[in-house]
Amino acid sequence: MANLILSRRTFLAASAAGASSLVLAGCDQFDFLGQRDHQVRDFLERANSLTYQAQRILAGEQTLAPTYDESEIRQPQRPNGSTDPKTADYVALAANGFADYRLRVSGLVETQLTLSLDELRNMPAQSQVTRHDCVEGWSCIAKWTGTRLGAILDQARVKPAAKFVVYHCYDTMGGGLSGPEAFYGSSDLIDAYHPQTILAYGLNNATLPISNGAPIRVRIERALGYKQSKYVHTIELVESFTKFGQGQGGYWEDHGYDWYGGI
Ligand SMILES: Nc1nc2c(c(=O)[nH]1)N[C@H]1C(S)=C(S)[C@@H](COP(=O)(O)O)O[C@H]1N2
Ligand SMILES: [Mo]
């Protein structure tokens, strides 16, 4: 494991040297990205010096989440958190079978995108049987089908200044003094470009139901349940989270959960 210990300077030098040197450096070398307390991962989270290009290259080198056989699916995916959003926009979309749904890709991109469900379904599809782990202490194995987020980001052409992806959702949570808060989540570009990160529209060989995030929810397979934003309407590329909610990068993060949320 000695070769995993990279100083910040060595790491930056490697990034500066560009794609080829990182790729030639081999695969296992980037396993540390999955270890939440590793100093380099910690550095990546702060990501201030790391370019979009460098984050992107690292994404392809990450370890995959374990996958399972379809026969290991024992029960339906347990719905949790919001399971039936009541916001007016969502109710209207659902009433029409989501025919008018459009996913928006905005923020630090060269080309803003507006994609219908058909357009998303016509992009290359990917399915994976993975385990969802909720911090409340339960897990479910399920088959998720969708479009790779990386392909969508490539279509929009992410600007170099972007460091994070914010997932804006249709549902609201709570209702305290400040009123209901819109649910949102986020990831870095490493997780966004991870080969198993998809925008899912299918669950266990059927259309994704409302209870599990219809029509589109995020699957970031190496992250905990609360990072799997459901009911996504907008994907916004940003440099920082400060202008959203309490500035911690997500509804649950604003309420005390750790931002990384990796497994
Ligand atoms: N928009 C939205 N996404 C969300 C939530 C939510 O309440 N709203 N809950 C999160 C939590 S805590 C979990 S465990 C999973 C639950 O996903 P599931 O309903 O498909 O099991 O969604 C996550 N994504
Ligand atoms: Mo959760």
# chains A, B, ... in the order shown; residues from 1 in each chain; ligands from 1
$ residues_around --residues "segment 130-145 of chain A" --least-positions-apart "6" --cutoff "7 Å" --atoms "only C-alpha atoms" --output "list of chain:residue names"
A:Pro66, A:Thr67, A:Tyr68, A:Ile73, A:Gln77, A:Arg78, A:Ala200, A:Tyr201, A:Gly202, A:Leu203, A:Asn204, A:Leu224, A:Gly225, A:Tyr226
$ residues_around --residues "Ala99 of chain A" --least-positions-apart "5" --cutoff "10 Å" --atoms "only C-alpha atoms" --output "ChimeraX atom specification"
/A:93-94,116-118,215
$ select_by_dssp --residues "segment 50-89 of chain A" --states "alpha helix (DSSP H)" --output "ChimeraX atom specification"
/A:52-59,88-89
$ residues_near_ligand --ligand "ligand 1" --cutoff "6 Å" --atoms "only C-alpha atoms and all ligand atoms" --output "list in words"
Gln77, Arg78, Pro79, Asn80, Gly81, Ser82, Cys134, Cys169, Asp171, Phe183, Ser211, Asn212, Gly225, Tyr226, Lys227, Gln228, Ser229, Lys230 and Tyr231 of chain A
$ atom_distance --atom1 "atom CA of Leu189 of chain A" --atom2 "atom CA of Gly250 of chain A"
15.4 Å
